[in-house]
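Asks: This is the content of final.pdb (PDB, C-alpha atoms):
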```
ATOM      1  CA  MET U  20       0.000   0.000   0.000
ATOM      2  CA  LYS U  21       2.835   2.411   0.841
ATOM      3  CA  LYS U  22       4.526   1.660  -2.481
ATOM      4  CA  LEU U  23       1.314   2.449  -4.343
ATOM      5  CA  LEU U  24       0.910   5.701  -2.419
ATOM      6  CA  VAL U  25       4.538   6.699  -3.203
ATOM      7  CA  ILE U  26       4.021   5.891  -6.899
ATOM      8  CA  VAL U  27       0.784   7.919  -7.017
ATOM      9  CA  ILE U  28       2.470  10.871  -5.302
ATOM     10  CA  ILE U  29       5.416  10.699  -7.708
ATOM     11  CA  LEU U  30       3.044  10.586 -10.682
ATOM     12  CA  LEU U  31       1.029  13.536  -9.332
ATOM     13  CA  VAL U  32       4.189  15.555  -8.786
ATOM     14  CA  ALA U  33       5.385  14.677 -12.308
ATOM     15  CA  VAL U  34       2.039  15.739 -13.815
ATOM     16  CA  LEU U  35       2.106  18.923 -11.739
ATOM     17  CA  MET U  36       5.667  19.630 -12.909
ATOM     18  CA  THR U  37       4.685  19.221 -16.559
ATOM     19  CA  GLN U  38       1.917  21.785 -16.074
ATOM     20  CA  MET U  39       4.197  24.279 -14.323
ATOM     21  CA  VAL U  40       7.086  24.374 -16.797
ATOM     22  CA  PRO U  41       7.810  28.053 -17.630
ATOM     23  CA  ASP U  42       7.680  29.212 -21.244
ATOM     24  CA  LYS U  43      10.405  30.888 -23.300
ATOM     25  CA  ALA U  44       9.118  34.373 -22.430
ATOM     26  CA  ALA U  45       9.544  33.647 -18.709
ATOM     27  CA  HIS U  46      13.132  32.546 -19.356
ATOM     28  CA  LYS U  47      13.861  35.725 -21.340
ATOM     29  CA  GLU U  48      12.355  37.923 -18.636
ATOM     30  CA  ALA U  49      14.372  36.216 -15.880
ATOM     31  CA  MET U  50      17.576  36.552 -17.889
ATOM     32  CA  MET U  51      16.883  40.192 -18.716
ATOM     33  CA  ALA U  52      16.307  40.891 -15.004
ATOM     34  CA  ALA U  53      19.651  39.241 -14.200
ATOM     35  CA  ILE U  54      21.338  41.180 -16.999
ATOM     36  CA  ARG U  55      19.858  44.494 -15.823
ATOM     37  CA  GLU U  56      21.097  43.739 -12.314
ATOM     38  CA  TYR U  57      24.541  42.851 -13.657
ATOM     39  CA  VAL U  58      24.744  46.006 -15.817
ATOM     40  CA  ASP U  59      23.684  48.198 -12.873
ATOM     41  CA  GLU U  60      26.261  46.523 -10.639
ATOM     42  CA  GLU U  61      29.033  46.963 -13.216
ATOM     43  CA  ALA U  62      28.121  50.632 -13.677
ATOM     44  CA  GLU U  63      28.357  51.172  -9.923
ATOM     45  CA  ASN U  64      31.669  49.290  -9.717
ATOM     46  CA  LYS U  65      33.150  51.493 -12.441
ATOM     47  CA  GLY U  66      32.040  54.626 -10.624
ATOM     48  CA  LEU U  67      29.534  55.772 -13.222
ATOM     49  CA  GLY U  68      26.935  58.053 -11.717
ATOM     50  CA  ASP U  69      23.222  57.759 -12.232
ATOM     51  CA  ASN U  70      23.090  60.438 -14.927
ATOM     52  CA  VAL U  71      21.373  60.607 -18.292
ATOM     53  CA  LEU U  72      24.354  59.200 -20.234
ATOM     54  CA  THR U  73      24.693  56.237 -17.898
ATOM     55  CA  LYS U  74      20.983  55.483 -18.185
ATOM     56  CA  LEU U  75      21.189  55.794 -21.961
ATOM     57  CA  GLY U  76      24.198  53.451 -22.076
ATOM     58  CA  LYS U  77      22.455  50.920 -19.850
ATOM     59  CA  GLY U  78      19.373  51.103 -22.041
ATOM     60  CA  ILE U  79      21.414  50.486 -25.181
ATOM     61  CA  VAL U  80      23.252  47.544 -23.613
ATOM     62  CA  ASN U  81      20.006  46.023 -22.341
ATOM     63  CA  LYS U  82      18.240  46.464 -25.692
ATOM     64  CA  THR U  83      21.182  44.978 -27.606
ATOM     65  CA  ILE U  84      21.250  41.944 -25.345
ATOM     66  CA  GLU U  85      17.479  41.557 -25.561
ATOM     67  CA  VAL U  86      17.637  41.550 -29.368
ATOM     68  CA  SER U  87      20.440  38.982 -29.220
ATOM     69  CA  LEU U  88      18.412  36.784 -26.862
ATOM     70  CA  ASN U  89      15.354  37.012 -29.106
ATOM     71  CA  SER U  90      17.292  35.824 -32.113
ATOM     72  CA  LYS U  91      19.691  33.257 -30.632
ATOM     73  CA  LEU U  92      17.979  31.833 -27.545
ATOM     74  CA  GLU U  93      16.693  28.280 -27.909
ATOM     75  CA  LEU U  94      14.421  26.418 -25.494
ATOM     76  CA  SER U  95      14.834  22.707 -24.787
ATOM     77  CA  ASN U  96      11.776  21.142 -23.172
ATOM     78  CA  TYR U  97      12.229  18.027 -21.037
ATOM     79  CA  TYR U  98       8.543  17.876 -19.962
ATOM     80  CA  ILE U  99       9.140  18.267 -16.206
ATOM     81  CA  PHE U 100      11.690  21.063 -16.658
ATOM     82  CA  ASN U 101      13.239  23.044 -19.484
ATOM     83  CA  THR U 102      16.445  24.886 -20.245
ATOM     84  CA  THR U 103      17.490  27.676 -22.534
ATOM     85  CA  HIS U 104      20.749  27.668 -24.387
ATOM     86  CA  MET U 105      22.633  29.714 -26.929
ATOM     87  CA  LYS U 106      25.543  28.905 -29.215
ATOM     88  CA  GLN U 107      28.597  31.022 -28.542
ATOM     89  CA  GLY U 108      31.989  30.451 -30.029
ATOM     90  CA  GLY U 109      30.978  27.027 -31.317
ATOM     91  CA  LYS U 110      29.840  25.942 -27.857
ATOM     92  CA  ASP U 111      26.270  25.400 -26.740
ATOM     93  CA  ARG U 112      25.921  27.228 -23.407
ATOM     94  CA  THR U 113      23.021  26.607 -21.052
ATOM     95  CA  LEU U 114      21.753  29.918 -19.678
ATOM     96  CA  SER U 115      18.762  29.068 -17.501
ATOM     97  CA  LEU U 116      16.702  26.273 -15.968
ATOM     98  CA  GLY U 117      12.922  26.371 -15.595
ATOM     99  CA  ILE U 118      11.127  24.121 -13.107
ATOM    100  CA  PHE U 119       7.965  24.412 -10.967
ATOM    101  CA  GLY U 120       7.063  27.705 -12.642
ATOM    102  CA  HIS U 121      10.371  29.375 -11.692
ATOM    103  CA  VAL U 122      13.345  30.248 -13.847
ATOM    104  CA  PHE U 123      16.833  30.026 -12.402
ATOM    105  CA  THR U 124      19.590  31.876 -14.232
ATOM    106  CA  PHE U 125      23.191  30.948 -13.800
ATOM    107  CA  ASP U 126      25.895  32.867 -11.982
ATOM    108  CA  LYS U 127      27.200  36.309 -12.851
ATOM    109  CA  LYS U 128      30.601  34.981 -13.848
ATOM    110  CA  MET U 129      29.010  32.933 -16.626
ATOM    111  CA  LEU U 130      26.838  35.897 -17.566
ATOM    112  CA  ARG U 131      29.928  38.150 -17.757
ATOM    113  CA  GLU U 132      31.749  35.575 -19.887
ATOM    114  CA  SER U 133      28.728  35.201 -22.162
ATOM    115  CA  LEU U 134      28.441  38.955 -22.640
ATOM    116  CA  GLU U 135      32.161  39.302 -23.313
ATOM    117  CA  GLN U 136      32.044  36.357 -25.727
ATOM    118  CA  ALA U 137      29.077  37.913 -27.554
ATOM    119  CA  ALA U 138      30.942  41.227 -27.814
ATOM    120  CA  GLU U 139      34.052  39.467 -29.142
ATOM    121  CA  GLU U 140      31.995  37.541 -31.697
ATOM    122  CA  LYS U 141      30.335  40.752 -32.833
ATOM    123  CA  GLU U 142      33.760  42.389 -33.193
ATOM    124  CA  GLU U 143      35.042  39.373 -35.157
ATOM    125  CA  VAL U 144      32.064  39.541 -37.518
ATOM    126  CA  LYS U 145      32.645  43.274 -37.940
ATOM    127  CA  ASN U 146      36.327  42.660 -38.731
ATOM    128  CA  GLU U 147      35.422  39.882 -41.183
ATOM    129  CA  HIS U 148      33.005  42.222 -42.979
ATOM    130  CA  LYS U 149      35.666  44.911 -43.080
ATOM    131  CA  ALA U 150      38.228  42.446 -44.465
ATOM    132  CA  ALA U 151      35.715  41.233 -47.055
ATOM    133  CA  LYS U 152      35.039  44.823 -48.146
ATOM    134  CA  GLU U 153      38.756  45.498 -48.434
ATOM    135  CA  ALA U 154      39.238  42.303 -50.449
ATOM    136  CA  ALA U 155      36.359  43.273 -52.739
ATOM    137  CA  LYS U 156      37.873  46.739 -53.219
ATOM    138  CA  GLU U 157      41.248  45.212 -54.014
ATOM    139  CA  ALA U 158      39.676  42.746 -56.455
ATOM    140  CA  LYS U 159      37.812  45.583 -58.158
ATOM    141  CA  LYS U 160      41.021  47.598 -58.390
ATOM    142  CA  LEU U 161      42.902  44.647 -59.886
ATOM    143  CA  LYS U 162      40.075  44.048 -62.361
ATOM    144  CA  ARG U 163      40.255  47.698 -63.481
ATOM    145  CA  GLN U 164      44.031  47.434 -63.864
ATOM    146  CA  LEU U 165      43.639  44.229 -65.873
ATOM    147  CA  LYS U 166      41.079  45.838 -68.183
ATOM    148  CA  LYS U 167      43.351  48.856 -68.596
ATOM    149  CA  GLU U 168      46.274  46.594 -69.514
ATOM    150  CA  GLN U 169      44.105  44.656 -71.959
ATOM    151  CA  ARG U 170      42.990  47.902 -73.652
ATOM    152  CA  LYS U 171      46.596  49.008 -73.814
ATOM    153  CA  GLN U 172      47.611  45.676 -75.387
ATOM    154  CA  ARG U 173      44.775  45.866 -77.941
ATOM    155  CA  ARG U 174      45.807  49.411 -78.890
ATOM    156  CA  GLU U 175      49.409  48.308 -79.243
ATOM    157  CA  GLN U 176      48.309  45.294 -81.323
ATOM    158  CA  ARG U 177      46.229  47.540 -83.620
ATOM    159  CA  ARG U 178      49.135  49.986 -83.949
ATOM    160  CA  LEU U 179      51.489  47.154 -84.885
ATOM    161  CA  GLU U 180      48.993  45.772 -87.393
ATOM    162  CA  LYS U 181      48.576  49.240 -88.923
ATOM    163  CA  GLU U 182      52.352  49.643 -89.241
ATOM    164  CA  GLN U 183      52.572  46.154 -90.798
ATOM    165  CA  ARG U 184      49.911  47.048 -93.380
ATOM    166  CA  LYS U 185      51.686  50.349 -94.097
ATOM    167  CA  ARG U 186      54.992  48.549 -94.680
ATOM    168  CA  GLU U 187      53.278  45.994 -96.923
ATOM    169  CA  LYS U 188      51.670  48.801 -98.904
ATOM    170  CA  GLU U 189      55.008  50.599 -99.301
ATOM    171  CA  ALA U 190      56.684  47.360-100.335
ATOM    172  CA  LYS U 191      54.272  46.929-103.254
TER     173      LYS U 191
END
```
Would you encode the structure as structure tokens?
Replies:
Amino acid sequence: MKKLLVIVIILLVAVLMTQMVPDKAAHKEAMMAAIREYVDEEAENKGLGDNVLTKLGKGIVNKTIEVSLNSKLELSNYYIFNTTHMKQGGKDRTLSLGIFGHVFTFDKKMLRESLEQAAEEKEEVKNEHKAAKEAAKEAKKLKRQLKKEQRKQRREQRRLEKEQRKREKEAK
């Protein structure tokens, strides 16, 4: 009888857990709250006052991170709990755990590393775009030089042909 009661309780808890799994929006909100807290803490640590520029900077950072979360955040559902993760630097990093209607975000050290990694990746992409633009410019420049050389060679060829015809005409 006790075994049956334990099994029933476990099943009820499992069913209850499946009904209380938080959705992706709850994960995003919990992470954004943690990020806001982290950004505020970092601003205080760096001695930035609570002025208009600081608030504007915080707003920009928060909005940028929110956009990044919206586009890259993936939810993995395991029925009784779920996790969110994001790919960074080729690694799949778990960012939060949702269970019993609550979302638990991971420590600030991981959050700091994730933010720094995201900033580095953005900088790398920016540098790659810049390098690609430079390469395209260089290719265009080389193409123009090649066309110029080809025109020059055709002119020279026509000049030589004209001289050849002139000599042939004089020889007759």
Asks: Can you measure CA of Ser115 (chain U) to CA of His46 (chain U) for me? One decimal in Å is fine.
Replies: 6.9 Å
Asks: Could you tell me how far CA of Ala45 (chain U) lies from CA of Glu60 (chain U), in Å and to one decimal?
Replies: 22.6 Å
Asks: Evaluate the PyMOL selection byres ((chain U and resi 37) around 12) and record the selected residues as a VMD selection string, following the chain and residue labels used in the document.
Replies: chain U and resid 30 to 36 38 to 42 96 to 101 117 to 120
Asks: Report the distance between CA of Glu85 (chain U) and CA of Lys47 (chain U) in Å, rounded to one decimal place.
Replies: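 Atom-to-atom, CA of Glu85 (chain U) to CA of Lys47 (chain U), that is 8.1 Å.
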Asks: To test the calculation: enclose all listed atoms of region 157-160 of chain U in a box whose edges run along x, y and z, add 3 Å on each side, then state centre and edge lengths in Å to one decimal, as lines of an AutoDock Vina configuration file.
Replies:
```
center_x = 39.5
center_y = 45.2
center_z = -56.2
size_x = 9.4
size_y = 10.9
size_z = 10.4
```
Asks: Set the distance at 12 Å and use only C-alpha atoms: which residues neighbour Ser90 (chain U) once local chain neighbours fewer than 4 positions away are removed? I'd like the list as a list of chain:residue names.
Replies: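 The residues satisfying every condition are U:Lys47, U:Thr83, U:Ile84, U:Glu85, U:Val86, U:Leu94, U:His104, U:Met105, U:Lys106.
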Asks: So which one's closest to Tyr57 (chain U), U:Lys77, U:Lys43, U:Lys152, U:Lys185? Using only C-alpha atoms, please.
Replies: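 Selected residue with least distance to Tyr57 (chain U): U:Lys77.
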Asks: My list of candidates is U:Leu24, U:Leu165, U:Met50, U:Ile29. Which is closest to Phe123 (chain U) when distances are computed with all atoms listed in the file?
Replies: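 Between U:Leu24, U:Leu165, U:Met50, U:Ile29, the residue approaching Phe123 (chain U) most closely is U:Met50.
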Asks: Rank U:Gln136, U:Gln164, U:Asn89, U:Asn146 by their smallest atom-to-atom distance to Glu48 (chain U), using all atoms listed in the file, and report the top residue only.
Replies: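 Nearest candidate to Glu48 (chain U) out of U:Gln136, U:Gln164, U:Asn89, U:Asn146: U:Asn89.
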